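Structure file run-v8.cif; described as mmCIF, N, CA, C and O atoms.
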```cif
data_my_file
#
loop_
_atom_site.label_atom_id
_atom_site.label_comp_id
_atom_site.auth_asym_id
_atom_site.auth_seq_id
_atom_site.Cartn_x
_atom_site.Cartn_y
_atom_site.Cartn_z
N MET K 1205 14.30 9.26 6.57
CA MET K 1205 13.47 8.51 5.66
C MET K 1205 13.14 9.42 4.48
O MET K 1205 12.49 10.44 4.63
N THR K 1206 13.60 9.05 3.30
CA THR K 1206 13.36 9.86 2.11
C THR K 1206 12.07 9.41 1.43
O THR K 1206 11.70 8.24 1.47
N VAL K 1207 11.43 10.34 0.78
CA VAL K 1207 10.19 10.06 0.08
C VAL K 1207 10.51 9.33 -1.21
O VAL K 1207 11.39 9.73 -1.97
N ASN K 1208 9.81 8.21 -1.48
CA ASN K 1208 10.03 7.49 -2.72
C ASN K 1208 8.72 7.02 -3.38
O ASN K 1208 8.75 6.23 -4.31
N VAL K 1209 7.58 7.51 -2.88
CA VAL K 1209 6.28 7.15 -3.45
C VAL K 1209 5.65 8.41 -4.01
O VAL K 1209 5.42 9.38 -3.29
N GLY K 1210 5.36 8.42 -5.31
CA GLY K 1210 4.79 9.58 -5.97
C GLY K 1210 3.28 9.68 -5.79
O GLY K 1210 2.64 8.83 -5.18
N SER K 1211 2.71 10.75 -6.35
CA SER K 1211 1.28 11.04 -6.17
C SER K 1211 0.37 9.99 -6.79
O SER K 1211 -0.59 9.54 -6.15
N ALA K 1212 0.64 9.58 -8.02
CA ALA K 1212 -0.20 8.58 -8.68
C ALA K 1212 -0.09 7.23 -7.96
O ALA K 1212 -1.10 6.56 -7.73
N ASP K 1213 1.13 6.87 -7.59
CA ASP K 1213 1.37 5.63 -6.85
C ASP K 1213 0.65 5.67 -5.51
O ASP K 1213 0.06 4.68 -5.06
N ARG K 1214 0.66 6.82 -4.88
CA ARG K 1214 0.00 7.00 -3.59
C ARG K 1214 -1.51 6.80 -3.69
O ARG K 1214 -2.12 6.13 -2.87
N LEU K 1215 -2.10 7.38 -4.71
CA LEU K 1215 -3.54 7.24 -4.93
C LEU K 1215 -3.92 5.78 -5.18
O LEU K 1215 -4.89 5.27 -4.63
N ILE K 1216 -3.13 5.11 -6.01
CA ILE K 1216 -3.39 3.70 -6.31
C ILE K 1216 -3.28 2.85 -5.05
O ILE K 1216 -4.10 1.97 -4.80
N ARG K 1217 -2.29 3.13 -4.21
CA ARG K 1217 -2.11 2.38 -2.97
C ARG K 1217 -3.28 2.58 -2.02
O ARG K 1217 -3.74 1.64 -1.37
N ILE K 1218 -3.79 3.80 -1.92
CA ILE K 1218 -4.92 4.08 -1.02
C ILE K 1218 -6.17 3.36 -1.50
O ILE K 1218 -6.87 2.70 -0.72
N VAL K 1219 -6.47 3.45 -2.79
CA VAL K 1219 -7.67 2.81 -3.34
C VAL K 1219 -7.56 1.29 -3.20
O VAL K 1219 -8.50 0.63 -2.73
N LEU K 1220 -6.44 0.72 -3.59
CA LEU K 1220 -6.26 -0.72 -3.50
C LEU K 1220 -6.26 -1.18 -2.04
O LEU K 1220 -6.83 -2.24 -1.71
N GLY K 1221 -5.68 -0.40 -1.15
CA GLY K 1221 -5.69 -0.73 0.27
C GLY K 1221 -7.09 -0.77 0.84
O GLY K 1221 -7.45 -1.69 1.57
N LEU K 1222 -7.92 0.21 0.49
CA LEU K 1222 -9.30 0.23 0.96
C LEU K 1222 -10.09 -0.97 0.41
O LEU K 1222 -10.88 -1.58 1.13
N ILE K 1223 -9.85 -1.31 -0.85
CA ILE K 1223 -10.53 -2.47 -1.45
C ILE K 1223 -10.14 -3.75 -0.70
O ILE K 1223 -10.99 -4.58 -0.37
N LEU K 1224 -8.85 -3.90 -0.42
CA LEU K 1224 -8.39 -5.11 0.27
C LEU K 1224 -8.90 -5.18 1.71
O LEU K 1224 -9.18 -6.27 2.22
N ILE K 1225 -9.04 -4.04 2.36
CA ILE K 1225 -9.57 -4.04 3.73
C ILE K 1225 -11.05 -4.43 3.73
O ILE K 1225 -11.51 -5.15 4.61
N LEU K 1226 -11.79 -3.97 2.74
CA LEU K 1226 -13.23 -4.26 2.68
C LEU K 1226 -13.55 -5.61 2.05
O LEU K 1226 -14.68 -6.09 2.19
N LEU K 1227 -12.62 -6.23 1.38
CA LEU K 1227 -12.85 -7.48 0.66
C LEU K 1227 -13.47 -8.60 1.52
O LEU K 1227 -14.45 -9.22 1.09
N PRO K 1228 -12.98 -8.87 2.71
CA PRO K 1228 -13.59 -9.95 3.50
C PRO K 1228 -15.04 -9.69 3.90
O PRO K 1228 -15.79 -10.61 4.17
N PHE K 1229 -15.43 -8.42 3.95
CA PHE K 1229 -16.79 -8.08 4.35
C PHE K 1229 -17.80 -8.24 3.23
O PHE K 1229 -18.99 -8.38 3.47
N VAL K 1230 -17.34 -8.20 1.98
CA VAL K 1230 -18.26 -8.30 0.85
C VAL K 1230 -18.20 -9.65 0.13
O VAL K 1230 -19.03 -9.93 -0.72
N THR K 1231 -17.20 -10.46 0.46
CA THR K 1231 -17.11 -11.79 -0.14
C THR K 1231 -17.09 -12.85 0.96
O THR K 1231 -16.82 -12.57 2.10
N ASN K 1232 -17.35 -14.05 0.56
CA ASN K 1232 -17.31 -15.17 1.49
C ASN K 1232 -16.08 -16.02 1.15
O ASN K 1232 -16.19 -17.21 0.89
N ALA K 1233 -14.92 -15.37 1.18
CA ALA K 1233 -13.68 -16.04 0.81
C ALA K 1233 -13.12 -16.83 1.99
O ALA K 1233 -13.61 -16.74 3.11
N GLY K 1234 -12.08 -17.56 1.72
CA GLY K 1234 -11.46 -18.40 2.74
C GLY K 1234 -10.69 -17.60 3.77
O GLY K 1234 -10.62 -16.37 3.73
N PRO K 1235 -10.07 -18.31 4.71
CA PRO K 1235 -9.37 -17.64 5.81
C PRO K 1235 -8.14 -16.84 5.36
O PRO K 1235 -7.79 -15.86 6.01
N ILE K 1236 -7.50 -17.26 4.29
CA ILE K 1236 -6.33 -16.52 3.82
C ILE K 1236 -6.74 -15.12 3.38
O ILE K 1236 -6.10 -14.13 3.72
N VAL K 1237 -7.83 -15.03 2.63
CA VAL K 1237 -8.33 -13.72 2.19
C VAL K 1237 -8.88 -12.95 3.37
O VAL K 1237 -8.68 -11.74 3.49
N ALA K 1238 -9.56 -13.62 4.28
CA ALA K 1238 -10.18 -12.95 5.41
C ALA K 1238 -9.16 -12.29 6.32
O ALA K 1238 -9.43 -11.24 6.90
N PHE K 1239 -7.98 -12.87 6.46
CA PHE K 1239 -6.96 -12.30 7.34
C PHE K 1239 -5.83 -11.63 6.57
O PHE K 1239 -5.28 -10.63 7.03
N GLY K 1240 -5.46 -12.16 5.42
CA GLY K 1240 -4.33 -11.64 4.67
C GLY K 1240 -4.62 -10.36 3.92
O GLY K 1240 -3.79 -9.43 3.91
N ALA K 1241 -5.78 -10.27 3.29
CA ALA K 1241 -6.11 -9.09 2.49
C ALA K 1241 -6.14 -7.81 3.32
O ALA K 1241 -5.56 -6.80 2.91
N PRO K 1242 -6.78 -7.79 4.49
CA PRO K 1242 -6.76 -6.55 5.29
C PRO K 1242 -5.36 -6.15 5.76
O PRO K 1242 -5.05 -4.97 5.83
N ILE K 1243 -4.52 -7.12 6.04
CA ILE K 1243 -3.15 -6.81 6.47
C ILE K 1243 -2.39 -6.14 5.34
O ILE K 1243 -1.72 -5.12 5.53
N VAL K 1244 -2.50 -6.69 4.14
CA VAL K 1244 -1.84 -6.09 2.98
C VAL K 1244 -2.44 -4.71 2.70
O VAL K 1244 -1.72 -3.76 2.36
N GLY K 1245 -3.75 -4.57 2.86
CA GLY K 1245 -4.41 -3.28 2.66
C GLY K 1245 -3.90 -2.22 3.62
O GLY K 1245 -3.66 -1.08 3.22
N VAL K 1246 -3.72 -2.57 4.87
CA VAL K 1246 -3.21 -1.62 5.87
C VAL K 1246 -1.77 -1.23 5.53
O VAL K 1246 -1.41 -0.04 5.62
N VAL K 1247 -0.96 -2.19 5.10
CA VAL K 1247 0.42 -1.88 4.73
C VAL K 1247 0.44 -0.91 3.54
O VAL K 1247 1.22 0.06 3.53
N LEU K 1248 -0.42 -1.12 2.56
CA LEU K 1248 -0.48 -0.21 1.41
C LEU K 1248 -0.89 1.19 1.83
O LEU K 1248 -0.31 2.18 1.37
N ILE K 1249 -1.86 1.31 2.71
CA ILE K 1249 -2.30 2.62 3.14
C ILE K 1249 -1.23 3.32 3.98
O ILE K 1249 -0.98 4.52 3.82
N VAL K 1250 -0.55 2.58 4.84
CA VAL K 1250 0.51 3.18 5.66
C VAL K 1250 1.65 3.68 4.78
O VAL K 1250 2.17 4.78 4.98
N THR K 1251 2.06 2.89 3.79
CA THR K 1251 3.13 3.33 2.90
C THR K 1251 2.69 4.53 2.08
O THR K 1251 3.52 5.39 1.76
N ALA K 1252 1.41 4.61 1.75
CA ALA K 1252 0.92 5.78 1.01
C ALA K 1252 0.92 7.02 1.90
O ALA K 1252 1.27 8.11 1.45
N LEU K 1253 0.53 6.88 3.15
CA LEU K 1253 0.48 8.03 4.05
C LEU K 1253 1.88 8.56 4.38
O LEU K 1253 2.08 9.77 4.45
N PHE K 1254 2.84 7.67 4.58
CA PHE K 1254 4.20 8.09 4.89
C PHE K 1254 5.02 8.41 3.63
O PHE K 1254 6.13 8.92 3.74
N ARG K 1255 4.48 8.06 2.47
CA ARG K 1255 5.14 8.28 1.17
C ARG K 1255 6.51 7.60 1.12
O ARG K 1255 7.43 8.07 0.46
N PHE K 1256 6.62 6.48 1.81
CA PHE K 1256 7.87 5.72 1.84
C PHE K 1256 7.56 4.25 1.76
O PHE K 1256 6.74 3.73 2.53
N CYS K 1257 8.20 3.55 0.83
CA CYS K 1257 8.03 2.12 0.67
C CYS K 1257 9.39 1.44 0.84
O CYS K 1257 10.30 1.69 0.04
N PRO K 1258 9.55 0.61 1.87
CA PRO K 1258 10.83 -0.07 2.07
C PRO K 1258 11.24 -0.95 0.89
O PRO K 1258 12.42 -1.05 0.58
N ALA K 1259 10.28 -1.58 0.24
CA ALA K 1259 10.60 -2.43 -0.91
C ALA K 1259 11.14 -1.59 -2.07
O ALA K 1259 12.06 -2.02 -2.78
N TYR K 1260 10.58 -0.39 -2.27
CA TYR K 1260 11.10 0.50 -3.31
C TYR K 1260 12.55 0.87 -3.02
O TYR K 1260 13.38 0.92 -3.91
N ARG K 1261 12.85 1.14 -1.75
CA ARG K 1261 14.22 1.50 -1.39
C ARG K 1261 15.16 0.32 -1.62
O ARG K 1261 16.28 0.50 -2.09
N LEU K 1262 14.71 -0.87 -1.30
CA LEU K 1262 15.53 -2.06 -1.47
C LEU K 1262 15.90 -2.27 -2.95
O LEU K 1262 17.03 -2.62 -3.27
N PHE K 1263 14.93 -2.01 -3.84
CA PHE K 1263 15.17 -2.20 -5.28
C PHE K 1263 15.58 -0.93 -6.01
O PHE K 1263 15.78 -0.94 -7.22
N GLY K 1264 15.70 0.19 -5.29
CA GLY K 1264 16.15 1.44 -5.90
C GLY K 1264 15.11 2.10 -6.78
O GLY K 1264 15.45 2.76 -7.75
N ILE K 1265 13.83 1.94 -6.45
CA ILE K 1265 12.75 2.50 -7.26
C ILE K 1265 12.27 3.78 -6.62
O ILE K 1265 12.15 3.89 -5.40
N ARG K 1266 11.97 4.79 -7.43
CA ARG K 1266 11.35 6.04 -6.99
C ARG K 1266 10.26 6.40 -7.98
O ARG K 1266 10.50 6.45 -9.17
N THR K 1267 9.06 6.64 -7.49
CA THR K 1267 7.97 7.06 -8.37
C THR K 1267 7.62 8.52 -8.17
O THR K 1267 6.66 9.00 -8.75
N CYS K 1268 8.40 9.23 -7.36
CA CYS K 1268 8.15 10.66 -7.15
C CYS K 1268 9.24 11.47 -7.84
O CYS K 1268 10.32 10.98 -8.14
N LYS K 1269 8.90 12.72 -8.06
CA LYS K 1269 9.89 13.64 -8.65
C LYS K 1269 10.92 14.02 -7.60
O LYS K 1269 10.62 14.09 -6.42
N LEU K 1270 12.10 14.27 -8.06
CA LEU K 1270 13.18 14.64 -7.12
C LEU K 1270 13.02 16.02 -6.57
O LEU K 1270 12.67 16.95 -7.02
#
```

How would this structure read if it were set down as structure tokens?
Amino acid sequence: MTVNVGSADRLIRIVLGLILILLPFVTNAGPIVAFGAPIVGVVLIVTALFRFCPAYRLFGIRTCKL
């Protein structure tokens, strides 16, 4: 598994992931937000921690230096 997520992208993923995980607790949104947002948030945090994004590999994107 090659690294394809750079430092700035990683920071953005962690912050956005935490926001999405906490979103159902601070808003009274519908069931899609209550269940979908935390799942997307966890995926963002996991991809940031492993520094690998399968979608980036599929589209040939790299945000890190070689």

**OP:** List every protein, DNA or RNA residue with an atom no more than 12 Å from (-9.2, -0.6, -3.9) in the file's coordinates, counting only C-alpha atoms, and format the result as a list in words.
**Re:**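 Answer for this query, in the requested form: Arg1214, Leu1215, Ile1216, Arg1217, Ile1218, Val1219, Leu1220, Gly1221, Leu1222, Ile1223, Leu1224, Ile1225, Leu1226, Leu1227, Ala1241, Pro1242, Val1244, Gly1245, Val1246, Leu1248 and Ile1249 of chain K.
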
Original post:
In Å to one decimal, how far is CA of Thr1251 (chain K) from CA of Val1237 (chain K)?
Top reply: 20.6 Å

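The space separating CA of Ala1212 (chain K) from CA of Phe1263 (chain K) comes to 19.1 Å.
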
Subject >> Those in region 1208-1268 of chain K with alpha helix (DSSP H) from DSSP, as a PyMOL selection string >> reply: chain K and resi 1211-1230+1235-1254+1258-1263

Give as a short mmCIF file (atom, residue, chain, number, x, y, z; two decimals) with N, CA, C and O atoms, keeping the file's coordinate frame the residues that the PyMOL selection byres ((chain K and resi 1254) around 8) matches when applied to the coordinates above.
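The resulting file, result.cif, is shown below:
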```cif
data_model
loop_
_atom_site.label_atom_id
_atom_site.label_comp_id
_atom_site.auth_asym_id
_atom_site.auth_seq_id
_atom_site.Cartn_x
_atom_site.Cartn_y
_atom_site.Cartn_z
N MET K 1205 14.30 9.26 6.57
CA MET K 1205 13.47 8.51 5.66
C MET K 1205 13.14 9.42 4.48
O MET K 1205 12.49 10.44 4.63
N THR K 1206 13.60 9.05 3.30
CA THR K 1206 13.36 9.86 2.11
C THR K 1206 12.07 9.41 1.43
O THR K 1206 11.70 8.24 1.47
N VAL K 1207 11.43 10.34 0.78
CA VAL K 1207 10.19 10.06 0.08
C VAL K 1207 10.51 9.33 -1.21
O VAL K 1207 11.39 9.73 -1.97
N ASN K 1208 9.81 8.21 -1.48
CA ASN K 1208 10.03 7.49 -2.72
C ASN K 1208 8.72 7.02 -3.38
O ASN K 1208 8.75 6.23 -4.31
N VAL K 1209 7.58 7.51 -2.88
CA VAL K 1209 6.28 7.15 -3.45
C VAL K 1209 5.65 8.41 -4.01
O VAL K 1209 5.42 9.38 -3.29
N VAL K 1247 -0.96 -2.19 5.10
CA VAL K 1247 0.42 -1.88 4.73
C VAL K 1247 0.44 -0.91 3.54
O VAL K 1247 1.22 0.06 3.53
N LEU K 1248 -0.42 -1.12 2.56
CA LEU K 1248 -0.48 -0.21 1.41
C LEU K 1248 -0.89 1.19 1.83
O LEU K 1248 -0.31 2.18 1.37
N ILE K 1249 -1.86 1.31 2.71
CA ILE K 1249 -2.30 2.62 3.14
C ILE K 1249 -1.23 3.32 3.98
O ILE K 1249 -0.98 4.52 3.82
N VAL K 1250 -0.55 2.58 4.84
CA VAL K 1250 0.51 3.18 5.66
C VAL K 1250 1.65 3.68 4.78
O VAL K 1250 2.17 4.78 4.98
N THR K 1251 2.06 2.89 3.79
CA THR K 1251 3.13 3.33 2.90
C THR K 1251 2.69 4.53 2.08
O THR K 1251 3.52 5.39 1.76
N ALA K 1252 1.41 4.61 1.75
CA ALA K 1252 0.92 5.78 1.01
C ALA K 1252 0.92 7.02 1.90
O ALA K 1252 1.27 8.11 1.45
N LEU K 1253 0.53 6.88 3.15
CA LEU K 1253 0.48 8.03 4.05
C LEU K 1253 1.88 8.56 4.38
O LEU K 1253 2.08 9.77 4.45
N ARG K 1255 4.48 8.06 2.47
CA ARG K 1255 5.14 8.28 1.17
C ARG K 1255 6.51 7.60 1.12
O ARG K 1255 7.43 8.07 0.46
N PHE K 1256 6.62 6.48 1.81
CA PHE K 1256 7.87 5.72 1.84
C PHE K 1256 7.56 4.25 1.76
O PHE K 1256 6.74 3.73 2.53
N CYS K 1257 8.20 3.55 0.83
CA CYS K 1257 8.03 2.12 0.67
C CYS K 1257 9.39 1.44 0.84
O CYS K 1257 10.30 1.69 0.04
#
```

Subject >> Atom pair atom C of Ser1211 (chain K) / CA of Thr1267 (chain K): separation (Å) >> reply: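 These atoms are spaced 8.3 Å apart.
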
Could you give me the centre and size, in Å to one decimal, of an axis-aligned box around all listed atoms of region 1234-1239 of chain K with 4 Å added on every side, as AutoDock Vina command-line options?
```
--center_x -8.7 --center_y -14.5 --center_z 4.5 --size_x 14.8 --size_y 15.8 --size_z 13.6
```
